[in-house]
>>> print(open('model_39.cif').read())   # mmCIF, C-alpha atoms (C1' of nucleotides)
data_protein
loop_
_atom_site.label_atom_id
_atom_site.label_comp_id
_atom_site.auth_asym_id
_atom_site.auth_seq_id
_atom_site.Cartn_x
_atom_site.Cartn_y
_atom_site.Cartn_z
CA MET I 1 8.85 139.28 122.70
CA GLY I 2 8.28 143.01 122.47
CA HIS I 3 5.69 145.13 124.15
CA THR I 4 2.10 144.41 123.29
CA GLN I 5 1.21 148.07 123.60
CA PRO I 6 2.92 151.45 123.29
CA ALA I 7 5.77 151.40 125.76
CA ALA I 8 5.22 154.08 128.34
CA GLY I 9 8.93 154.65 128.72
CA ASP I 10 9.59 155.88 125.20
CA ASP I 11 10.85 159.36 124.59
CA GLN I 12 7.66 160.11 122.74
CA MET I 13 5.75 159.50 125.91
CA ILE I 14 7.31 162.39 127.79
CA LEU I 15 5.05 165.10 126.47
CA PRO I 16 1.75 163.25 126.68
CA MET I 17 2.65 162.06 130.14
CA CYS I 18 3.48 165.58 131.25
CA ALA I 19 0.06 166.61 130.04
CA ILE I 20 -1.57 163.86 132.03
CA PHE I 21 0.32 164.74 135.18
CA ARG I 22 -0.32 168.44 134.73
CA ARG I 23 -4.05 167.79 134.40
CA PHE I 24 -4.00 165.63 137.51
CA LEU I 25 -2.22 168.33 139.47
CA LYS I 26 -4.56 171.08 138.29
CA ARG I 27 -7.54 169.01 139.38
CA GLN I 28 -6.03 168.92 142.87
CA GLY I 29 -5.20 172.61 142.93
CA LEU I 30 -1.47 171.80 142.71
CA LYS I 31 1.24 173.26 140.52
CA PHE I 32 3.28 171.81 137.71
CA THR I 33 6.84 172.85 138.55
CA THR I 34 10.17 172.39 136.84
CA GLU I 35 11.20 169.92 139.53
CA ARG I 36 8.11 167.81 139.05
CA ALA I 37 8.65 167.75 135.31
CA LEU I 38 12.27 166.68 135.76
CA ILE I 39 11.32 163.91 138.15
CA LEU I 40 8.62 162.65 135.82
CA GLU I 41 11.13 162.62 132.99
CA ALA I 42 13.59 160.62 135.08
CA VAL I 43 10.85 158.17 135.98
CA LEU I 44 9.88 157.72 132.35
CA ALA I 45 13.47 156.85 131.53
CA LYS I 46 13.47 153.92 133.95
CA PRO I 47 12.75 150.63 132.21
CA GLY I 48 11.85 148.64 135.30
CA VAL I 49 11.71 148.80 139.05
CA PHE I 50 13.45 151.70 140.79
CA GLU I 51 13.94 153.31 144.20
CA ALA I 52 13.73 156.88 145.40
CA ASP I 53 17.42 157.19 146.10
CA GLU I 54 18.32 155.73 142.72
CA LEU I 55 16.33 158.51 141.10
CA LEU I 56 18.09 161.10 143.24
CA GLN I 57 21.55 159.83 142.29
CA GLU I 58 20.74 159.69 138.60
CA MET I 59 19.28 163.14 138.56
CA ARG I 60 22.32 164.50 140.37
CA ALA I 61 24.55 162.80 137.82
CA ALA I 62 22.57 164.45 135.03
CA ASP I 63 23.02 167.75 136.86
CA HIS I 64 19.32 168.06 137.51
CA ARG I 65 19.47 169.24 141.09
CA VAL I 66 16.38 168.26 143.00
CA SER I 67 16.18 167.60 146.71
CA LYS I 68 15.42 164.27 148.29
CA ALA I 69 12.32 165.76 149.91
CA THR I 70 10.91 166.85 146.58
CA ILE I 71 11.50 163.43 145.07
CA TYR I 72 9.58 161.75 147.84
CA ARG I 73 6.80 164.31 147.65
CA THR I 74 6.53 163.95 143.89
CA LEU I 75 6.55 160.16 143.95
CA LYS I 76 3.50 160.37 146.18
CA HIS I 77 1.69 162.47 143.64
CA LEU I 78 2.69 160.18 140.78
CA LEU I 79 1.35 157.30 142.80
CA GLU I 80 -1.96 159.08 143.32
CA ALA I 81 -2.10 159.97 139.67
CA LYS I 82 -1.66 156.25 138.95
CA ILE I 83 1.33 157.00 136.75
CA ILE I 84 3.59 154.81 138.85
CA SER I 85 2.84 152.03 141.27
CA GLU I 86 4.56 150.49 144.23
CA VAL I 87 6.13 147.07 143.91
CA LEU I 88 6.67 145.44 147.27
CA ILE I 89 9.92 143.56 146.93
CA ASP I 90 11.19 143.90 150.46
CA SER I 91 10.19 145.81 153.52
CA ARG I 92 13.30 147.93 153.83
CA GLN I 93 12.62 150.28 151.01
CA ALA I 94 9.87 151.29 148.63
CA HIS I 95 10.19 150.14 145.03
CA TYR I 96 8.28 151.76 142.20
CA ARG I 97 7.61 151.18 138.55
CA LEU I 98 6.03 153.13 135.75
CA SER I 99 2.59 151.63 135.34
CA PHE I 100 0.51 154.08 133.35
CA GLY I 101 -0.81 152.45 130.20
CA LYS I 102 0.90 149.18 131.01
CA GLU I 103 -0.69 145.83 131.70
CA PRO I 104 -0.72 144.55 135.24
CA ILE I 105 2.35 142.43 135.85
CA GLY I 106 3.97 140.29 138.46
CA HIS I 107 7.61 140.14 139.51
CA LEU I 108 9.98 137.24 139.74
CA VAL I 109 12.81 138.08 142.12
CA CYS I 110 16.00 136.10 142.57
CA VAL I 111 16.73 135.84 146.28
CA GLU I 112 20.45 135.46 145.58
CA THR I 113 21.18 138.08 142.97
CA ASN I 114 18.17 140.41 143.39
CA GLN I 115 17.60 140.19 139.66
CA ILE I 116 14.02 141.16 138.87
CA ILE I 117 12.04 139.77 135.95
CA GLU I 118 8.63 141.12 135.05
CA PHE I 119 5.94 138.86 133.69
CA PRO I 120 2.44 139.60 132.42
CA ALA I 121 -0.23 138.54 134.85
CA ALA I 122 -3.57 139.50 133.44
CA GLU I 123 -5.11 136.37 134.92
CA LEU I 124 -4.39 137.73 138.38
CA THR I 125 -6.75 140.60 137.77
CA ASP I 126 -9.60 138.13 137.34
CA LEU I 127 -8.63 136.27 140.47
CA ARG I 128 -8.41 139.56 142.31
CA ASP I 129 -11.84 140.70 141.21
CA ARG I 130 -13.37 137.38 142.11
CA LEU I 131 -11.89 137.43 145.60
CA CYS I 132 -12.91 141.03 146.17
CA LYS I 133 -16.46 140.25 145.17
CA GLU I 134 -16.51 137.32 147.59
CA HIS I 135 -15.55 139.59 150.47
CA GLY I 136 -17.55 142.61 149.39
CA PHE I 137 -14.37 144.58 148.68
CA GLU I 138 -13.98 147.07 145.90
CA PRO I 139 -10.70 146.22 144.12
CA VAL I 140 -8.03 148.90 143.97
CA SER I 141 -4.84 147.08 143.02
CA HIS I 142 -2.80 143.98 143.68
CA ARG I 143 0.76 142.74 143.90
CA PHE I 144 2.20 139.38 143.04
CA VAL I 145 5.84 138.68 143.70
CA ILE I 146 7.52 135.33 143.30
CA TYR I 147 10.85 134.64 145.00
CA GLY I 148 13.12 132.04 143.57
CA ILE I 149 16.64 131.21 142.53
CA SER I 150 17.64 132.31 139.05
CA PRO I 151 19.39 129.94 136.64
CA GLU I 152 22.58 131.96 137.06
CA ALA I 153 22.48 131.70 140.84
CA GLN I 154 21.78 127.96 140.59
CA LYS I 155 24.87 127.51 138.48
CA ALA I 156 26.96 129.54 140.90
CA GLU I 157 25.66 127.41 143.74
CA GLN I 158 26.63 124.19 142.01
CA ALA I 159 30.09 125.50 141.24
CA GLU I 160 30.38 126.33 144.93
CA GLU I 161 29.41 122.82 145.96
CA GLU I 162 31.93 121.23 143.63
CA LYS I 163 34.82 122.86 145.39
CA MET Y 1 -14.64 127.25 156.46
CA GLY Y 2 -12.21 126.60 159.30
CA HIS Y 3 -8.76 125.18 159.02
CA THR Y 4 -8.27 122.29 156.72
CA GLN Y 5 -5.25 121.17 158.70
CA PRO Y 6 -3.97 121.35 162.28
CA ALA Y 7 -3.78 125.01 163.20
CA ALA Y 8 -0.20 125.95 163.91
CA GLY Y 9 -1.25 128.52 166.49
CA ASP Y 10 -2.80 126.11 168.98
CA ASP Y 11 -1.37 125.72 172.43
CA GLN Y 12 -0.59 122.14 171.62
CA MET Y 13 1.73 123.33 168.90
CA ILE Y 14 4.09 125.03 171.29
CA LEU Y 15 6.13 122.02 172.25
CA PRO Y 16 6.43 120.42 168.82
CA MET Y 17 7.32 123.80 167.37
CA CYS Y 18 10.00 124.35 169.98
CA ALA Y 19 11.45 121.00 169.03
CA ILE Y 20 11.48 121.99 165.38
CA PHE Y 21 13.14 125.30 166.11
CA ARG Y 22 15.62 123.72 168.47
CA ARG Y 23 16.60 121.20 165.81
CA PHE Y 24 17.01 123.97 163.26
CA LEU Y 25 19.24 125.94 165.62
CA LYS Y 26 21.37 122.95 166.50
CA ARG Y 27 21.94 122.24 162.82
CA GLN Y 28 23.31 125.79 162.48
CA GLY Y 29 25.45 125.53 165.58
CA LEU Y 30 23.18 127.99 167.39
CA LYS Y 31 21.65 127.83 170.84
CA PHE Y 32 18.12 127.44 172.06
CA THR Y 33 17.80 130.14 174.70
CA THR Y 34 15.01 131.21 177.03
CA GLU Y 35 14.52 134.38 175.00
CA ARG Y 36 14.17 132.48 171.76
CA ALA Y 37 11.64 130.15 173.33
CA LEU Y 38 9.62 133.08 174.68
CA ILE Y 39 9.61 134.80 171.33
CA LEU Y 40 8.53 131.65 169.54
CA GLU Y 41 5.72 131.25 172.06
CA ALA Y 42 4.57 134.81 171.48
CA VAL Y 43 4.65 134.25 167.72
CA LEU Y 44 2.59 131.07 168.03
CA ALA Y 45 -0.05 133.02 169.93
CA LYS Y 46 -0.56 135.45 167.05
CA PRO Y 47 -3.52 134.49 164.88
CA GLY Y 48 -2.62 136.59 161.86
CA VAL Y 49 -0.18 139.18 160.63
CA PHE Y 50 2.08 140.89 163.16
CA GLU Y 51 4.98 143.32 163.43
CA ALA Y 52 8.21 143.22 165.42
CA ASP Y 53 7.23 146.07 167.69
CA GLU Y 54 3.83 144.53 168.38
CA LEU Y 55 5.59 141.42 169.65
CA LEU Y 56 7.85 143.53 171.84
CA GLN Y 57 4.92 145.39 173.43
CA GLU Y 58 2.96 142.21 174.07
CA MET Y 59 5.90 140.44 175.62
CA ARG Y 60 6.56 143.43 177.86
CA ALA Y 61 2.92 143.41 178.93
CA ALA Y 62 3.24 139.73 179.79
CA ASP Y 63 6.35 140.61 181.78
CA HIS Y 64 8.57 138.63 179.47
CA ARG Y 65 11.42 141.06 179.17
CA VAL Y 66 13.24 140.63 175.90
CA SER Y 67 15.11 143.33 174.04
CA LYS Y 68 14.15 144.74 170.67
CA ALA Y 69 17.46 143.57 169.26
CA THR Y 70 16.84 140.00 170.28
CA ILE Y 71 13.37 140.05 168.76
CA TYR Y 72 14.76 141.21 165.43
CA ARG Y 73 17.55 138.68 165.57
CA THR Y 74 15.18 135.84 166.43
CA LEU Y 75 12.66 136.76 163.76
CA LYS Y 76 15.44 136.32 161.25
CA HIS Y 77 16.12 132.83 162.47
CA LEU Y 78 12.43 131.94 162.45
CA LEU Y 79 12.30 133.18 158.89
CA GLU Y 80 15.23 130.99 157.92
CA ALA Y 81 13.67 128.04 159.69
CA LYS Y 82 10.55 128.66 157.57
CA ILE Y 83 8.44 128.84 160.71
CA ILE Y 84 7.26 132.33 159.86
CA SER Y 85 7.15 134.22 156.61
CA GLU Y 86 7.15 137.85 155.59
CA VAL Y 87 3.99 139.41 154.25
CA LEU Y 88 4.69 142.54 152.29
CA ILE Y 89 1.84 144.87 153.09
CA ASP Y 90 3.67 148.15 152.89
CA SER Y 91 7.26 149.24 152.58
CA ARG Y 92 7.50 151.07 155.89
CA GLN Y 93 7.64 148.07 158.12
CA ALA Y 94 8.06 144.31 157.94
CA HIS Y 95 4.99 142.19 158.58
CA TYR Y 96 5.19 138.53 159.50
CA ARG Y 97 2.90 135.58 159.92
CA LEU Y 98 3.21 132.08 161.27
CA SER Y 99 3.43 129.87 158.22
CA PHE Y 100 4.78 126.52 159.34
CA GLY Y 101 2.35 123.76 158.45
CA LYS Y 102 -0.13 126.23 156.97
CA GLU Y 103 -1.29 126.41 153.40
CA PRO Y 104 -0.02 129.27 151.28
CA ILE Y 105 -2.40 132.21 151.48
CA GLY Y 106 -2.96 135.62 150.05
CA HIS Y 107 -3.95 138.83 151.81
CA LEU Y 108 -6.77 141.23 151.11
CA VAL Y 109 -5.95 144.62 152.61
CA CYS Y 110 -8.37 147.52 153.01
CA VAL Y 111 -6.60 150.70 151.97
CA GLU Y 112 -8.89 152.77 154.22
CA THR Y 113 -9.01 150.81 157.44
CA ASN Y 114 -5.93 148.58 157.10
CA GLN Y 115 -8.10 145.59 157.91
CA ILE Y 116 -6.40 142.42 156.68
CA ILE Y 117 -8.27 139.34 155.49
CA GLU Y 118 -6.45 136.13 154.68
CA PHE Y 119 -7.64 133.86 151.93
CA PRO Y 120 -6.44 130.48 150.73
CA ALA Y 121 -4.51 130.68 147.50
CA ALA Y 122 -3.32 127.23 146.62
CA GLU Y 123 -3.87 127.98 142.94
CA LEU Y 124 -1.14 130.59 143.14
CA THR Y 125 1.40 127.94 143.93
CA ASP Y 126 0.70 126.29 140.60
CA LEU Y 127 0.96 129.58 138.78
CA ARG Y 128 4.18 130.28 140.62
CA ASP Y 129 5.72 126.95 139.73
CA ARG Y 130 4.71 127.31 136.10
CA LEU Y 131 6.26 130.77 135.84
CA CYS Y 132 9.43 129.67 137.58
CA LYS Y 133 9.81 126.77 135.20
CA GLU Y 134 9.36 129.10 132.24
CA HIS Y 135 12.23 131.27 133.43
CA GLY Y 136 14.43 128.49 134.75
CA PHE Y 137 13.96 129.68 138.33
CA GLU Y 138 13.73 127.41 141.31
CA PRO Y 139 10.69 128.53 143.32
CA VAL Y 140 11.24 129.61 146.90
CA SER Y 141 8.09 131.47 147.90
CA HIS Y 142 5.57 134.01 146.72
CA ARG Y 143 3.35 136.82 147.95
CA PHE Y 144 -0.02 137.91 146.72
CA VAL Y 145 -1.63 140.97 148.23
CA ILE Y 146 -4.83 142.57 147.00
CA TYR Y 147 -5.67 146.14 147.97
CA GLY Y 148 -9.28 147.22 148.01
CA ILE Y 149 -11.96 149.01 149.95
CA SER Y 150 -13.76 146.96 152.56
CA PRO Y 151 -17.56 146.95 152.77
CA GLU Y 152 -17.35 148.93 156.02
CA ALA Y 153 -15.17 151.60 154.46
CA GLN Y 154 -17.49 151.78 151.47
CA LYS Y 155 -20.42 152.46 153.76
CA ALA Y 156 -18.46 155.10 155.65
CA GLU Y 157 -17.59 156.73 152.34
CA GLN Y 158 -21.20 156.87 151.25
CA ALA Y 159 -22.28 158.33 154.57
CA GLU Y 160 -19.60 160.97 154.06
CA GLU Y 161 -20.93 161.87 150.63
CA GLU Y 162 -24.49 162.23 151.85
CA LYS Y 163 -23.57 165.02 154.24
"C1'" DC V 1 -0.39 188.68 144.64
"C1'" DT V 2 -1.86 184.44 146.51
"C1'" DT V 3 -0.94 179.82 147.26
"C1'" DG V 4 1.59 176.25 146.90
"C1'" DC V 5 6.61 174.49 146.28
"C1'" DT V 6 11.52 173.88 147.20
"C1'" DG V 7 15.69 172.95 149.80
"C1'" DC V 8 17.71 172.28 153.94
"C1'" DA V 9 18.32 170.25 158.13
"C1'" DA V 10 16.25 168.10 161.73
"C1'" DA V 11 12.97 164.58 163.19
"C1'" DA V 12 10.77 160.23 163.06
"C1'" DG V 13 10.45 155.34 162.57
"C1'" DT V 14 12.24 150.83 161.80
"C1'" DT V 15 16.09 147.79 161.77
"C1'" DT V 16 21.07 146.83 162.64
"C1'" DT V 17 25.40 146.78 165.12
"C1'" DG V 18 29.34 147.15 168.64
"C1'" DC V 19 30.45 145.94 172.95
"C1'" DA V 20 30.72 144.07 177.65
"C1'" DC V 21 28.77 140.68 180.18
"C1'" DA V 22 25.86 136.29 180.73
"C1'" DC V 23 24.42 131.83 179.45
"C1'" DG V 24 23.65 127.28 176.89
"C1'" DT V 25 26.10 123.12 175.43
"C1'" DA K 1 35.56 126.52 179.14
"C1'" DC K 2 34.10 127.81 174.73
"C1'" DG K 3 31.45 130.05 171.62
"C1'" DT K 4 27.02 132.20 171.18
"C1'" DG K 5 23.49 135.17 172.86
"C1'" DT K 6 21.67 139.18 175.31
"C1'" DG K 7 20.75 144.03 176.49
"C1'" DC K 8 21.77 148.56 175.87
"C1'" DA K 9 22.68 152.50 173.42
"C1'" DA K 10 24.29 154.27 169.38
"C1'" DA K 11 24.30 153.93 164.42
"C1'" DA K 12 22.32 153.32 159.96
"C1'" DC K 13 18.79 153.97 156.67
"C1'" DT K 14 14.70 155.37 154.55
"C1'" DT K 15 11.04 158.58 154.72
"C1'" DT K 16 8.68 162.72 156.72
"C1'" DT K 17 8.24 167.41 158.36
"C1'" DG K 18 8.91 172.47 159.81
"C1'" DC K 19 10.31 176.52 158.10
"C1'" DA K 20 12.04 180.51 155.38
"C1'" DG K 21 12.52 181.97 151.02
"C1'" DC K 22 10.88 181.20 145.91
"C1'" DA K 23 7.96 180.49 142.00
"C1'" DA K 24 3.75 179.13 139.40
"C1'" DG K 25 -1.00 180.40 138.22
#
>>> encode(input="model_39.cif", output="structure tokens")
Amino acid sequence: MGHTQPAAGDDQMILPMCAIFRRFLKRQGLKFTTERALILEAVLAKPGVFEADELLQEMRAADHRVSKATIYRTLKHLLEAKIISEVLIDSRQAHYRLSFGKEPIGHLVCVETNQIIEFPAAELTDLRDRLCKEHGFEPVSHRFVIYGISPEAQKAEQAEEEK
Amino acid sequence: MGHTQPAAGDDQMILPMCAIFRRFLKRQGLKFTTERALILEAVLAKPGVFEADELLQEMRAADHRVSKATIYRTLKHLLEAKIISEVLIDSRQAHYRLSFGKEPIGHLVCVETNQIIEFPAAELTDLRDRLCKEHGFEPVSHRFVIYGISPEAQKAEQAEEEK
DNA sequence: CTTGCTGCAAAAGTTTTGCACACGT
DNA sequence: ACGTGTGCAAAACTTTTGCAGCAAG
């Protein structure tokens, strides 16, 4: 099961994506800075769901010093540019994922281990559009998250019971 | 239109619901206190989505003095008892809704006005179960939120453009 | 050179926790 | 009586903001 379209996280995507972001920023009268480029690069390197602080730690580790404030500010712009999107896993913290050029997906989250599996969910887009039409809404986006217990956690649970 | 089953928010639901909660607490070796009863009552009075602080303000207004800490602690128990469930609207704050005895639903949120519309989404349960089976997960729950622009906000936008 | 950007530290907002006392069972 | 629960205030955490100096266009 590979990707059905060019993976947006590939190294080859860095330059085109920079161009897209730069264009977006220019349109808003904003500037393309070193920090913003570094953050975008870090985001592109993330295969799945990530958090702001995670990005900060990784960038620090790579000796790319950027402040927390700038990360938060840049994530907002990336969100507006539709390069990333928010995934609402829990209400304690924002979770993001690279979404540009990717199909809409849903997330399957294990409530025990916090493991996150992505699954394609093109059919949800149809459902979304139908519901929006019914209520006179203009669709913007949608989120679908399933919570469950992963096979691994089920096994661990059984082992626990057998004690 | 209308509820297809006994509405869990009715006044008549207060006593049965207290009994359910009380039983749940007893099973966990916990106590059914005045505060917990008052909070459950306030929750039952909420027709839709609510927040912890909203509950606190309303209870204060009704002269039912309960601390913030107790509200948070009780909401956790109500969550565990499956009497309420979390609705992930945004990542800044937890949103809850009474779910006991209600059909699974989805939420349509206006990104401009924050208006929230609930819609029945029984079909999602099937999709959820199918996906869980595919990945060997045991389903626990799911969330489906659609973001869009409400008819009212669309009108306001147009009026803005015409200036 | 003009305007926006960064880092820092402080502020803001929600949720959690430690502790002394009070209350269900 | 015992073990939980409650309120309060402080702590913890994530996210936002004000400001002085810095950098991109």
>>> residues_around(input="model_39.cif", residues="I:Ile146", least_positions_apart="2", cutoff="9 Å", atoms="only C-alpha atoms (C1' of nucleotides)", output="PyMOL selection string")
(chain I and resi 106-110+144+148) or (chain Y and resi 128+131-132+139-144)
>>> closest_residue(input="model_39.cif", among="V:DG24, V:DT17, V:DA11, V:DG4", to="chain I", atoms="all atoms listed in the file")
V:DG4
>>> interface_residues(input="model_39.cif", of="chain Y", to="chain K", cutoff="10 Å", atoms="all atoms listed in the file", output="mmCIF file with C-alpha atoms, in the frame of the given file")
data_model
loop_
_atom_site.group_PDB
_atom_site.id
_atom_site.type_symbol
_atom_site.label_atom_id
_atom_site.label_comp_id
_atom_site.auth_asym_id
_atom_site.auth_seq_id
_atom_site.Cartn_x
_atom_site.Cartn_y
_atom_site.Cartn_z
ATOM 1 C CA GLY Y 29 25.450 125.530 165.580
ATOM 2 C CA LEU Y 30 23.180 127.990 167.390
ATOM 3 C CA LYS Y 31 21.650 127.830 170.840
ATOM 4 C CA PHE Y 32 18.120 127.440 172.060
ATOM 5 C CA THR Y 33 17.800 130.140 174.700
ATOM 6 C CA GLU Y 35 14.520 134.380 175.000
ATOM 7 C CA ARG Y 36 14.170 132.480 171.760
ATOM 8 C CA VAL Y 66 13.240 140.630 175.900
ATOM 9 C CA SER Y 67 15.110 143.330 174.040
ATOM 10 C CA LYS Y 68 14.150 144.740 170.670
ATOM 11 C CA ALA Y 69 17.460 143.570 169.260
ATOM 12 C CA THR Y 70 16.840 140.000 170.280
ATOM 13 C CA SER Y 91 7.260 149.240 152.580
ATOM 14 C CA ARG Y 92 7.500 151.070 155.890
#
>>> closest_residue(input="model_39.cif", among="Y:Ala94, Y:Ala19, Y:Ala61, Y:Val49", to="chain V", atoms="all atoms listed in the file")
Y:Ala94
>>> atom_distance(input="model_39.cif", atom1="atom CA of I:Ala52", atom2="atom CA of I:Asp10")
20.6 Å
>>> atom_distance(input="model_39.cif", atom1="atom CA of I:Leu40", atom2="atom CA of I:Gln93")
20.0 Å
>>> resolve_selection(input="model_39.cif", expression="the PyMOL selection byres ((chain V) within 10 of (chain Y))", output="PDB file with C-alpha atoms (C1' of nucleotides), in the frame of the given file")
ATOM      1  C1'  DG V  13      10.450 155.340 162.570  1.00  0.00           C
ATOM      2  C1'  DT V  14      12.240 150.830 161.800  1.00  0.00           C
ATOM      3  C1'  DT V  15      16.090 147.790 161.770  1.00  0.00           C
ATOM      4  C1'  DT V  16      21.070 146.830 162.640  1.00  0.00           C
ATOM      5  C1'  DT V  17      25.400 146.780 165.120  1.00  0.00           C
ATOM      6  C1'  DC V  23      24.420 131.830 179.450  1.00  0.00           C
ATOM      7  C1'  DG V  24      23.650 127.280 176.890  1.00  0.00           C
ATOM      8  C1'  DT V  25      26.100 123.120 175.430  1.00  0.00           C
TER       9       DT V  25
END
>>> atom_distance(input="model_39.cif", atom1="atom CA of Y:Ile83", atom2="atom CA of Y:Phe119")
19.0 Å
>>> resolve_selection(input="model_39.cif", expression="the PyMOL selection byres ((chain Y and resi 77-79) around 10)", output="ChimeraX atom specification")
/Y:21,24-25,30,36,39-40,43,71-76,80-86,96-100
>>> closest_residue(input="model_39.cif", among="I:Ile105, I:Ala159, I:Ile116, I:Val111", to="chain Y", atoms="only C-alpha atoms")
I:Val111
>>> closest_residue(input="model_39.cif", among="Y:Met13, Y:Ala122, Y:Leu88, Y:Leu127", to="chain I", atoms="only C-alpha atoms")
Y:Leu88
>>> closest_residue(input="model_39.cif", among="I:Leu44, I:Val145, I:Ile117, I:Ile14", to="chain Y", atoms="all atoms listed in the file")
I:Val145
